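Have a look at the structure below, then the notes.
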Amino acid sequence: MSEFYLNIIHRPEMVPEYIQKEAEQGKKEDLTRSAVLLESLDIFRTQQQIAHDNGLRTTIQMTYASLFNAEAVEIAKEHHEQFGDEIGSTFLGIQCAEFREKFKSKELAIWLFSLEDKRIIVDEVFGKFHEVFGFYPTSTGSYYMDAELVNYIKEKYPMVKAAVATCWEEGPKAYWNANNSWYTLMDGGPWNPWIPSKRNIHCIASNEADDIGIVAIPHLSRDLMAVFDGPGSYYGTHPQNILRGMVYEDKELPYFKNIVDQYRSMTKYNRGYSYNMMYVGPGWMSKGGRWESDYAFLLKSFKDGMAYYGELKKQGQLQDLTMSEFADVYRQNRPYTRPECTLWKDILYGSRRQMFWYADPAMRFCLDMNQGGAMVDLRPYAAKLIRPCGVGTKANQDASYPFLVQSLYRAGFFTHYAGEGAVKSCKIGHGSEQVDLCTCRTLASFSEEGETRIVTLDPVTIEFEGFSVRVQSIFRLTEGSSEVEIIRRILDSTLPEADISIDEYITACYGTTEYPEDMTGIRLSLIGADKTESIEYAYQCREAKLENVHSAEALIPQVDTHLSMRADAPAAGYFREGFSFSPMYTLGIQKTVKAKGELRTWLKVAKAS
Amino acid sequence: MAQGRKGKLNYRCPRCLMREIDMDMLYDKDKDEYYCLRCSFTGDEKEVQRLNAEFRDKYRARMIRITDF
């Protein structure tokens, strides 16, 4: 039996965002308008029928508004009986006349209420659900479910075992895409299901004590390359998202199947397991059309997508589970330390680009083969930052998990005129010449040795004046180590006696958006056998270098993170403080070798306190 | 000048779309043209469709079925 699991989720949303706000422009807001209610229910019914016609079961997430609609409730009960669909609850679609009357608020995002209000709303929504169905739901969700909210739900309703908990990389890019009016600022989570930490929903739990008690599911399965550099709502297992991104021609969108198949291929990296989630809200299938597409095309794209899943099921290549069933299956074979890995390849732009994504309880990172395997994103999960969001919190709307490196928000290799951007890479040098591996695009392959995952990059050739060398990079990820082992190997040289310098470095910062944060107080250190050099960041361009270094380190108190690099053989270490026009810090380890030589370093991410 | 109204199929501004900003346009029926509140774009339906086709060009693999992973 295939271990490609699928969750299909539908919700009877009585006042869908797009139907109410967009397609009905020109009318005053009226949460009880019967035309909207009827259309929404009709779309929900259509979605359910298409799933069932393809032999697929769903999770029906009842919105608060739908709990007041006898017909929606009846459909849910009937489909549970007839098809085995799960009846769950969602915090999407809370807005309705009853909610407005009770809470006097137009807020639509559960994670943005104050914690006190979140608790009251949870009790109201779950209480109403119980009143209607006679039991509590075991699955729930929203676009984002913060740890404080889920901790409360687990405390009061321990039967809940699954939740749609984030939209992958739906942060500043989604905000820009929506003309700076869509406040889903929640970058930094895993792209596939995970067991979250009690301290922060983005972080993968380290152990049973840290386990929040649910299996978290990302809202949709996203394109891991396109969404890193583009709007999440263009590229994922949501046919109408793909229409929004205009990834089609002549009303055909093979891209949907390509995403599904790339997710299916993740069995290669994750011990035989892979996952997909499809969740189309009714507002995306408005009878009035949307995203330059008429209703017929909206419907066709949905039908085609569902038919592909149905076909895979018939071939025995897919298991359709409800959310709670999936949570049980996931927990059966998921040690806390097991990472999620994916070597994603371009299926959109016609390049051969690959990106390797990795997430475990200590960190999430991304390597870009277009930049010689440079690390372009690094999130310190080991810090397990308690970072509440919503009214009355410091973060307020910014629910993202901070990065240390994010090469698109903070420049990366290419900067304009001055300074350095956030990236982890390596420079290969000879005499006064130096070449950054960021400029040497390559391809990678994935393998395993016991509990170590290995990403091996194809060698690249670097040309110096009068000779050339071939360099190979290998990344070794040993489960539970909280470290990335990086090997830079000089495979051969046309001038074997020439000295070649290898400079492994990380240029980093911290933050959640593209704008700089205050770096004051970050501590940069070089630890040697009998000497330590240390400074506190003050934008003064200071540098230090130490021979025979044990480690080069940065303590970033703002994100409670300790970042360090070490080597296994004698090497020099250095740090560089930045300046206001380039607010970064750099840690590095250098070694000079000849042909066949190598530098082996370890990058470690740890909680500082 | 006429009141701007929601146009056919919720056309987004193709120039804003090039910057990955989803910005619905308004339609001026007197001039038979769409216009953007954000970037000053104006154009008829044909011009919008021409630019939308240009936007799609960046997706060189959009019509390729890929099965080798």
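All residue names refer to the structure tokens as shown: chains lettered A, B, ... in order, residues numbered from 1 in each chain, ligands numbered from 1 in order.
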Hey, list the chain A side of the contact with chain B: 10 Å cut-off, only C-alpha atoms, answer as a short mmCIF file (atom, residue, chain, number, x, y, z; two decimals) with N, CA and C atoms, in the first residue's frame.
```cif
data_model
loop_
_atom_site.label_atom_id
_atom_site.label_comp_id
_atom_site.auth_asym_id
_atom_site.auth_seq_id
_atom_site.Cartn_x
_atom_site.Cartn_y
_atom_site.Cartn_z
N GLU A 22 -15.77 40.60 -2.94
CA GLU A 22 -15.35 40.88 -4.31
C GLU A 22 -16.49 40.76 -5.32
N ALA A 23 -17.08 39.59 -5.38
CA ALA A 23 -18.04 39.35 -6.45
C ALA A 23 -19.32 40.15 -6.24
N GLU A 24 -19.55 40.57 -5.01
CA GLU A 24 -20.78 41.29 -4.74
C GLU A 24 -20.54 42.78 -4.57
N GLN A 25 -19.48 43.26 -5.17
CA GLN A 25 -19.18 44.68 -5.02
C GLN A 25 -20.37 45.53 -5.46
N GLY A 26 -20.50 46.61 -4.78
CA GLY A 26 -21.61 47.49 -5.14
C GLY A 26 -22.79 47.31 -4.20
N LYS A 173 5.58 38.05 1.64
CA LYS A 173 5.29 37.91 0.20
C LYS A 173 3.78 37.88 -0.06
N ALA A 174 3.04 37.22 0.84
CA ALA A 174 1.58 37.19 0.70
C ALA A 174 0.99 38.58 0.97
N TYR A 175 1.61 39.26 1.89
CA TYR A 175 1.16 40.62 2.24
C TYR A 175 1.33 41.56 1.04
N TRP A 176 2.51 41.53 0.41
CA TRP A 176 2.75 42.37 -0.78
C TRP A 176 1.77 42.00 -1.88
N ASN A 177 1.60 40.68 -2.08
CA ASN A 177 0.78 40.18 -3.17
C ASN A 177 -0.66 40.68 -3.05
N ALA A 178 -1.10 40.89 -1.82
CA ALA A 178 -2.48 41.32 -1.60
C ALA A 178 -2.54 42.84 -1.38
N ASN A 179 -1.66 43.55 -2.04
CA ASN A 179 -1.67 45.00 -1.95
C ASN A 179 -1.57 45.46 -0.49
N ASN A 180 -0.72 44.74 0.26
CA ASN A 180 -0.47 45.04 1.67
C ASN A 180 -1.76 45.12 2.50
N GLY A 230 7.82 33.92 -4.24
CA GLY A 230 6.60 34.42 -4.86
C GLY A 230 5.41 34.19 -3.95
N PRO A 231 4.24 34.63 -4.37
CA PRO A 231 3.07 34.50 -3.51
C PRO A 231 2.64 33.04 -3.32
N TYR A 234 -0.34 31.43 -5.35
CA TYR A 234 -0.24 31.16 -6.79
C TYR A 234 0.13 29.69 -7.07
N ARG A 244 -5.02 31.72 -10.19
CA ARG A 244 -4.64 33.05 -9.73
C ARG A 244 -3.21 33.38 -10.20
N GLY A 245 -2.35 32.37 -10.16
CA GLY A 245 -0.97 32.56 -10.63
C GLY A 245 -0.85 32.54 -12.14
N MET A 246 -1.95 32.22 -12.82
CA MET A 246 -2.00 32.13 -14.29
C MET A 246 -1.04 31.09 -14.85
N VAL A 247 -0.90 29.98 -14.14
CA VAL A 247 -0.01 28.92 -14.63
C VAL A 247 -0.84 27.95 -15.47
N TYR A 248 -1.30 28.40 -16.59
CA TYR A 248 -2.12 27.55 -17.46
C TYR A 248 -2.10 28.10 -18.87
N GLU A 249 -2.64 27.32 -19.75
CA GLU A 249 -2.77 27.74 -21.15
C GLU A 249 -3.92 26.93 -21.71
N ASP A 250 -4.76 27.56 -22.48
CA ASP A 250 -5.89 26.86 -23.11
C ASP A 250 -6.69 26.04 -22.09
N GLU A 252 -5.85 24.42 -19.53
CA GLU A 252 -5.20 23.22 -19.01
C GLU A 252 -4.09 23.63 -18.04
N LEU A 253 -3.98 22.89 -16.91
CA LEU A 253 -2.94 23.22 -15.95
C LEU A 253 -2.20 21.96 -15.49
N PRO A 254 -1.32 21.44 -16.33
CA PRO A 254 -0.55 20.26 -15.94
C PRO A 254 0.30 20.50 -14.70
N TYR A 255 0.54 21.76 -14.39
CA TYR A 255 1.35 22.11 -13.21
C TYR A 255 0.77 21.50 -11.94
N PHE A 256 -0.56 21.41 -11.83
CA PHE A 256 -1.16 20.82 -10.63
C PHE A 256 -0.66 19.38 -10.45
N LYS A 257 -0.73 18.60 -11.51
CA LYS A 257 -0.29 17.20 -11.41
C LYS A 257 1.22 17.13 -11.15
N ASN A 258 1.96 18.08 -11.71
CA ASN A 258 3.41 18.08 -11.48
C ASN A 258 3.73 18.33 -10.00
N ILE A 259 2.97 19.22 -9.37
CA ILE A 259 3.19 19.45 -7.93
C ILE A 259 2.87 18.17 -7.16
N VAL A 260 1.71 17.58 -7.47
CA VAL A 260 1.31 16.36 -6.76
C VAL A 260 2.39 15.29 -6.92
N ASP A 261 2.87 15.12 -8.14
CA ASP A 261 3.86 14.06 -8.38
C ASP A 261 5.19 14.36 -7.70
N GLN A 262 5.55 15.64 -7.63
CA GLN A 262 6.80 15.95 -6.93
C GLN A 262 6.64 15.65 -5.44
N TYR A 263 5.47 15.93 -4.88
CA TYR A 263 5.23 15.58 -3.47
C TYR A 263 5.25 14.06 -3.31
N ARG A 264 4.67 13.34 -4.27
CA ARG A 264 4.69 11.87 -4.18
C ARG A 264 6.12 11.36 -4.15
N SER A 265 7.00 12.05 -4.88
CA SER A 265 8.39 11.58 -4.95
C SER A 265 9.14 11.78 -3.63
N MET A 266 8.54 12.50 -2.70
CA MET A 266 9.23 12.75 -1.43
C MET A 266 9.39 11.48 -0.60
N LYS A 268 11.20 9.27 -1.36
CA LYS A 268 12.64 8.98 -1.50
C LYS A 268 13.46 9.60 -0.38
N GLY A 288 -19.70 33.81 -9.96
CA GLY A 288 -19.38 35.01 -10.73
C GLY A 288 -18.02 34.97 -11.37
N GLY A 289 -17.24 33.91 -11.11
CA GLY A 289 -15.89 33.82 -11.67
C GLY A 289 -14.90 34.56 -10.79
N ARG A 290 -13.64 34.24 -10.96
CA ARG A 290 -12.60 34.90 -10.18
C ARG A 290 -11.26 34.68 -10.86
N TRP A 291 -10.35 35.61 -10.64
CA TRP A 291 -8.99 35.51 -11.19
C TRP A 291 -9.01 35.31 -12.72
N GLU A 292 -9.73 36.16 -13.38
CA GLU A 292 -9.84 36.15 -14.85
C GLU A 292 -10.43 34.85 -15.40
N SER A 293 -11.04 34.06 -14.52
CA SER A 293 -11.58 32.78 -14.96
C SER A 293 -13.08 32.75 -14.70
N ASP A 294 -13.82 32.22 -15.67
CA ASP A 294 -15.26 32.11 -15.43
C ASP A 294 -15.54 30.87 -14.57
N TYR A 295 -16.77 30.73 -14.15
CA TYR A 295 -17.10 29.64 -13.24
C TYR A 295 -16.80 28.28 -13.87
N LEU A 343 14.50 17.31 -1.82
CA LEU A 343 15.31 17.92 -2.87
C LEU A 343 14.33 18.33 -3.97
N TRP A 344 13.90 19.58 -3.91
CA TRP A 344 12.85 20.07 -4.81
C TRP A 344 13.46 20.52 -6.12
N LYS A 345 12.81 20.18 -7.22
CA LYS A 345 13.34 20.67 -8.50
C LYS A 345 12.31 21.59 -9.18
N ASP A 346 12.81 22.47 -9.98
CA ASP A 346 11.96 23.43 -10.69
C ASP A 346 10.99 22.70 -11.60
N ILE A 347 9.70 23.00 -11.44
CA ILE A 347 8.69 22.44 -12.35
C ILE A 347 7.88 23.56 -12.99
N LEU A 348 8.43 24.76 -12.94
CA LEU A 348 7.64 25.91 -13.37
C LEU A 348 8.36 26.80 -14.38
N TYR A 349 9.61 27.10 -14.09
CA TYR A 349 10.29 28.12 -14.89
C TYR A 349 11.15 27.55 -16.02
N GLY A 350 11.22 26.24 -16.12
CA GLY A 350 11.98 25.64 -17.22
C GLY A 350 13.48 25.62 -17.00
N SER A 351 13.91 25.78 -15.74
CA SER A 351 15.35 25.67 -15.44
C SER A 351 15.60 24.28 -14.86
#
```
Could you go through chain B and tell me which residues DSSP, when run on the backbone, assigns to strand (DSSP E or B), listing them as number ranges by chain? B: 5-6, 12, 24, 26-28, 33-35, 42-43
Serialized selection, C-alpha atoms, as a compact mmCIF listing (two decimals), in the first residue's frame:
```txt
# COMPACT_ATOMS: atom_id res chain seq x y z
CA ARG B 5 -17.32 49.60 -11.69
CA LYS B 6 -16.24 46.03 -11.22
CA ARG B 12 -6.42 42.42 -12.20
CA ASP B 24 -8.45 44.48 -9.14
CA LEU B 26 -12.18 49.29 -12.27
CA TYR B 27 -13.96 49.52 -15.61
CA ASP B 28 -15.02 52.76 -17.27
CA GLU B 33 -11.29 50.73 -20.66
CA TYR B 34 -9.96 49.26 -17.47
CA TYR B 35 -7.87 51.35 -15.13
CA THR B 42 -5.24 51.96 -18.60
CA GLY B 43 -6.22 49.58 -21.37
```
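Here CA of Ser301 (chain A) is placed at a distance of 11.3 Å from CA of Trp284 (chain A).
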With DSSP run on the backbone, what are the helix (DSSP H, G or I) residues within chain B? I'd like them as a list in words.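 Helix (DSSP H, G or I) members of chain B, listed: Lys8, Leu9, Asn10, Pro14, Arg15, Cys16, Leu17, Met18, Glu45, Lys46, Glu47, Val48, Gln49, Arg50, Leu51, Asn52, Ala53, Glu54, Phe55 and Arg56 of chain B.
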So that I can check the surroundings of Ala544 (chain A), please list as a PyMOL selection string every protein, DNA and RNA residue that reaches within 7 Å of it, counting only C-alpha atoms and ignoring chain neighbours fewer than 3 positions away. chain A and resi 574-576
Include C-alpha atoms and write out the residues we just selected as an mmCIF file, in the first residue's frame.
```cif
data_model
loop_
_atom_site.group_PDB
_atom_site.id
_atom_site.type_symbol
_atom_site.label_atom_id
_atom_site.label_comp_id
_atom_site.auth_asym_id
_atom_site.auth_seq_id
_atom_site.Cartn_x
_atom_site.Cartn_y
_atom_site.Cartn_z
ATOM 1 C CA TYR A 574 37.318 34.838 12.186
ATOM 2 C CA PHE A 575 34.373 37.087 12.780
ATOM 3 C CA ARG A 576 33.352 40.339 11.124
#
```
Spatial neighbours of region 499-513 of chain A, 8 Å, only C-alpha atoms, chain gap at least 2 places, as an mmCIF file with N, CA and C atoms, in the first residue's frame:
```
data_model
loop_
_atom_site.group_PDB
_atom_site.id
_atom_site.type_symbol
_atom_site.label_atom_id
_atom_site.label_comp_id
_atom_site.auth_asym_id
_atom_site.auth_seq_id
_atom_site.Cartn_x
_atom_site.Cartn_y
_atom_site.Cartn_z
ATOM 1 N N PRO A 172 5.537 38.053 4.473
ATOM 2 C CA PRO A 172 5.598 39.323 3.737
ATOM 3 C C PRO A 172 5.241 39.193 2.256
ATOM 4 N N ASP A 187 5.603 33.277 8.046
ATOM 5 C CA ASP A 187 6.734 32.552 7.461
ATOM 6 C C ASP A 187 7.400 31.656 8.505
ATOM 7 N N ASP A 398 2.606 39.883 13.472
ATOM 8 C CA ASP A 398 3.772 39.213 12.896
ATOM 9 C C ASP A 398 4.001 37.855 13.563
ATOM 10 N N SER A 400 5.411 35.227 12.189
ATOM 11 C CA SER A 400 6.492 34.459 11.569
ATOM 12 C C SER A 400 7.500 33.977 12.608
ATOM 13 N N TYR A 401 8.201 32.883 12.274
ATOM 14 C CA TYR A 401 9.300 32.438 13.121
ATOM 15 C C TYR A 401 10.578 33.087 12.581
ATOM 16 N N PRO A 402 11.380 33.702 13.437
ATOM 17 C CA PRO A 402 12.535 34.461 12.940
ATOM 18 C C PRO A 402 13.553 33.609 12.181
ATOM 19 N N PHE A 403 14.228 34.262 11.255
ATOM 20 C CA PHE A 403 15.331 33.632 10.528
ATOM 21 C C PHE A 403 16.653 34.198 11.030
ATOM 22 N N LEU A 404 17.718 33.468 10.765
ATOM 23 C CA LEU A 404 19.078 34.006 10.895
ATOM 24 C C LEU A 404 19.597 34.356 9.510
ATOM 25 N N VAL A 405 19.136 33.566 8.530
ATOM 26 C CA VAL A 405 19.490 33.822 7.132
ATOM 27 C C VAL A 405 18.203 33.775 6.321
ATOM 28 N N TYR A 409 15.039 38.286 1.614
ATOM 29 C CA TYR A 409 14.699 39.468 2.406
ATOM 30 C C TYR A 409 15.942 40.312 2.722
ATOM 31 N N GLU A 420 27.406 43.208 2.693
ATOM 32 C CA GLU A 420 27.188 41.782 2.491
ATOM 33 C C GLU A 420 25.731 41.447 2.780
ATOM 34 N N GLY A 421 25.233 40.402 2.133
ATOM 35 C CA GLY A 421 23.883 39.938 2.397
ATOM 36 C C GLY A 421 23.917 38.636 3.177
ATOM 37 N N ALA A 422 22.739 38.218 3.665
ATOM 38 C CA ALA A 422 22.657 37.016 4.496
ATOM 39 C C ALA A 422 22.722 35.760 3.626
ATOM 40 N N VAL A 423 23.722 34.954 3.853
ATOM 41 C CA VAL A 423 23.879 33.699 3.115
ATOM 42 C C VAL A 423 24.985 32.884 3.792
ATOM 43 N N LYS A 424 24.895 31.574 3.658
ATOM 44 C CA LYS A 424 26.013 30.745 4.125
ATOM 45 C C LYS A 424 26.605 30.079 2.908
ATOM 46 N N SER A 425 27.914 30.295 2.696
ATOM 47 C CA SER A 425 28.552 29.741 1.509
ATOM 48 C C SER A 425 30.031 29.511 1.797
ATOM 49 N N CYS A 426 30.857 29.468 0.745
ATOM 50 C CA CYS A 426 32.277 29.185 0.889
ATOM 51 C C CYS A 426 33.022 29.883 -0.239
ATOM 52 N N LYS A 427 34.188 30.430 0.085
ATOM 53 C CA LYS A 427 35.018 31.068 -0.942
ATOM 54 C C LYS A 427 36.282 30.242 -1.141
ATOM 55 N N ILE A 428 36.613 30.010 -2.386
ATOM 56 C CA ILE A 428 37.820 29.264 -2.724
ATOM 57 C C ILE A 428 38.814 30.275 -3.307
ATOM 58 N N GLY A 429 40.030 30.292 -2.776
ATOM 59 C CA GLY A 429 40.955 31.326 -3.206
ATOM 60 C C GLY A 429 42.344 30.808 -3.536
ATOM 61 N N HIS A 430 43.064 31.653 -4.279
ATOM 62 C CA HIS A 430 44.488 31.407 -4.557
ATOM 63 C C HIS A 430 45.134 32.771 -4.734
ATOM 64 N N ARG A 488 34.046 20.595 2.092
ATOM 65 C CA ARG A 488 34.466 21.243 0.840
ATOM 66 C C ARG A 488 35.760 20.541 0.428
ATOM 67 N N GLU A 497 50.576 21.594 -6.897
ATOM 68 C CA GLU A 497 51.336 22.160 -5.784
ATOM 69 C C GLU A 497 50.811 23.530 -5.332
ATOM 70 N N TYR A 515 13.019 44.152 6.515
ATOM 71 C CA TYR A 515 13.617 45.337 7.124
ATOM 72 C C TYR A 515 14.583 44.956 8.239
ATOM 73 N N PRO A 516 15.677 45.745 8.412
ATOM 74 C CA PRO A 516 16.686 45.385 9.412
ATOM 75 C C PRO A 516 16.175 45.525 10.843
ATOM 76 N N GLU A 517 16.764 44.725 11.706
ATOM 77 C CA GLU A 517 16.459 44.789 13.138
ATOM 78 C C GLU A 517 17.691 45.328 13.865
ATOM 79 N N MET A 519 20.824 45.183 15.852
ATOM 80 C CA MET A 519 21.813 44.119 16.082
ATOM 81 C C MET A 519 22.602 44.346 17.380
ATOM 82 N N VAL A 559 16.928 36.526 19.624
ATOM 83 C CA VAL A 559 16.192 35.314 19.232
ATOM 84 C C VAL A 559 16.705 34.097 20.021
ATOM 85 N N PRO A 583 23.927 45.653 7.955
ATOM 86 C CA PRO A 583 23.785 45.167 9.340
ATOM 87 C C PRO A 583 23.791 43.646 9.425
ATOM 88 N N MET A 584 24.957 43.072 9.242
ATOM 89 C CA MET A 584 25.153 41.620 9.258
ATOM 90 C C MET A 584 26.326 41.305 10.182
ATOM 91 N N TYR A 585 26.470 40.045 10.520
ATOM 92 C CA TYR A 585 27.695 39.564 11.148
ATOM 93 C C TYR A 585 28.148 38.357 10.358
ATOM 94 N N THR A 586 29.450 38.148 10.321
ATOM 95 C CA THR A 586 29.990 37.002 9.588
ATOM 96 C C THR A 586 30.882 36.186 10.504
ATOM 97 N N LEU A 587 30.691 34.886 10.465
ATOM 98 C CA LEU A 587 31.584 33.944 11.134
ATOM 99 C C LEU A 587 32.238 33.114 10.041
ATOM 100 N N GLY A 588 33.518 32.782 10.214
ATOM 101 C CA GLY A 588 34.154 31.973 9.178
ATOM 102 C C GLY A 588 35.267 31.092 9.712
ATOM 103 N N ILE A 589 35.572 30.061 8.956
ATOM 104 C CA ILE A 589 36.699 29.187 9.260
ATOM 105 C C ILE A 589 37.493 29.000 7.971
ATOM 106 N N GLN A 590 38.809 29.198 8.063
ATOM 107 C CA GLN A 590 39.656 29.164 6.873
ATOM 108 C C GLN A 590 40.761 28.123 7.017
ATOM 109 N N LYS A 591 41.120 27.573 5.881
ATOM 110 C CA LYS A 591 42.211 26.603 5.868
ATOM 111 C C LYS A 591 42.860 26.648 4.485
ATOM 112 N N THR A 592 44.163 26.438 4.441
ATOM 113 C CA THR A 592 44.843 26.386 3.149
ATOM 114 C C THR A 592 45.244 24.941 2.871
ATOM 115 N N VAL A 593 44.916 24.477 1.684
ATOM 116 C CA VAL A 593 45.195 23.080 1.318
ATOM 117 C C VAL A 593 45.797 23.053 -0.093
ATOM 118 N N LYS A 594 46.170 21.846 -0.513
ATOM 119 C CA LYS A 594 46.565 21.642 -1.906
ATOM 120 C C LYS A 594 45.553 20.668 -2.517
ATOM 121 N N ALA A 595 45.791 20.255 -3.730
ATOM 122 C CA ALA A 595 44.862 19.333 -4.390
ATOM 123 C C ALA A 595 44.595 18.129 -3.496
ATOM 124 N N LEU A 599 38.221 20.876 3.675
ATOM 125 C CA LEU A 599 37.868 21.518 4.937
ATOM 126 C C LEU A 599 36.525 20.946 5.367
ATOM 127 N N THR A 601 33.642 21.336 8.257
ATOM 128 C CA THR A 601 33.159 22.177 9.362
ATOM 129 C C THR A 601 31.764 21.724 9.783
#
```
Interatomic distance between CA of Lys604 (chain A) and CA of Leu437 (chain A)?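 Taking CA of Lys604 (chain A) and CA of Leu437 (chain A), their separation equals 20.9 Å.
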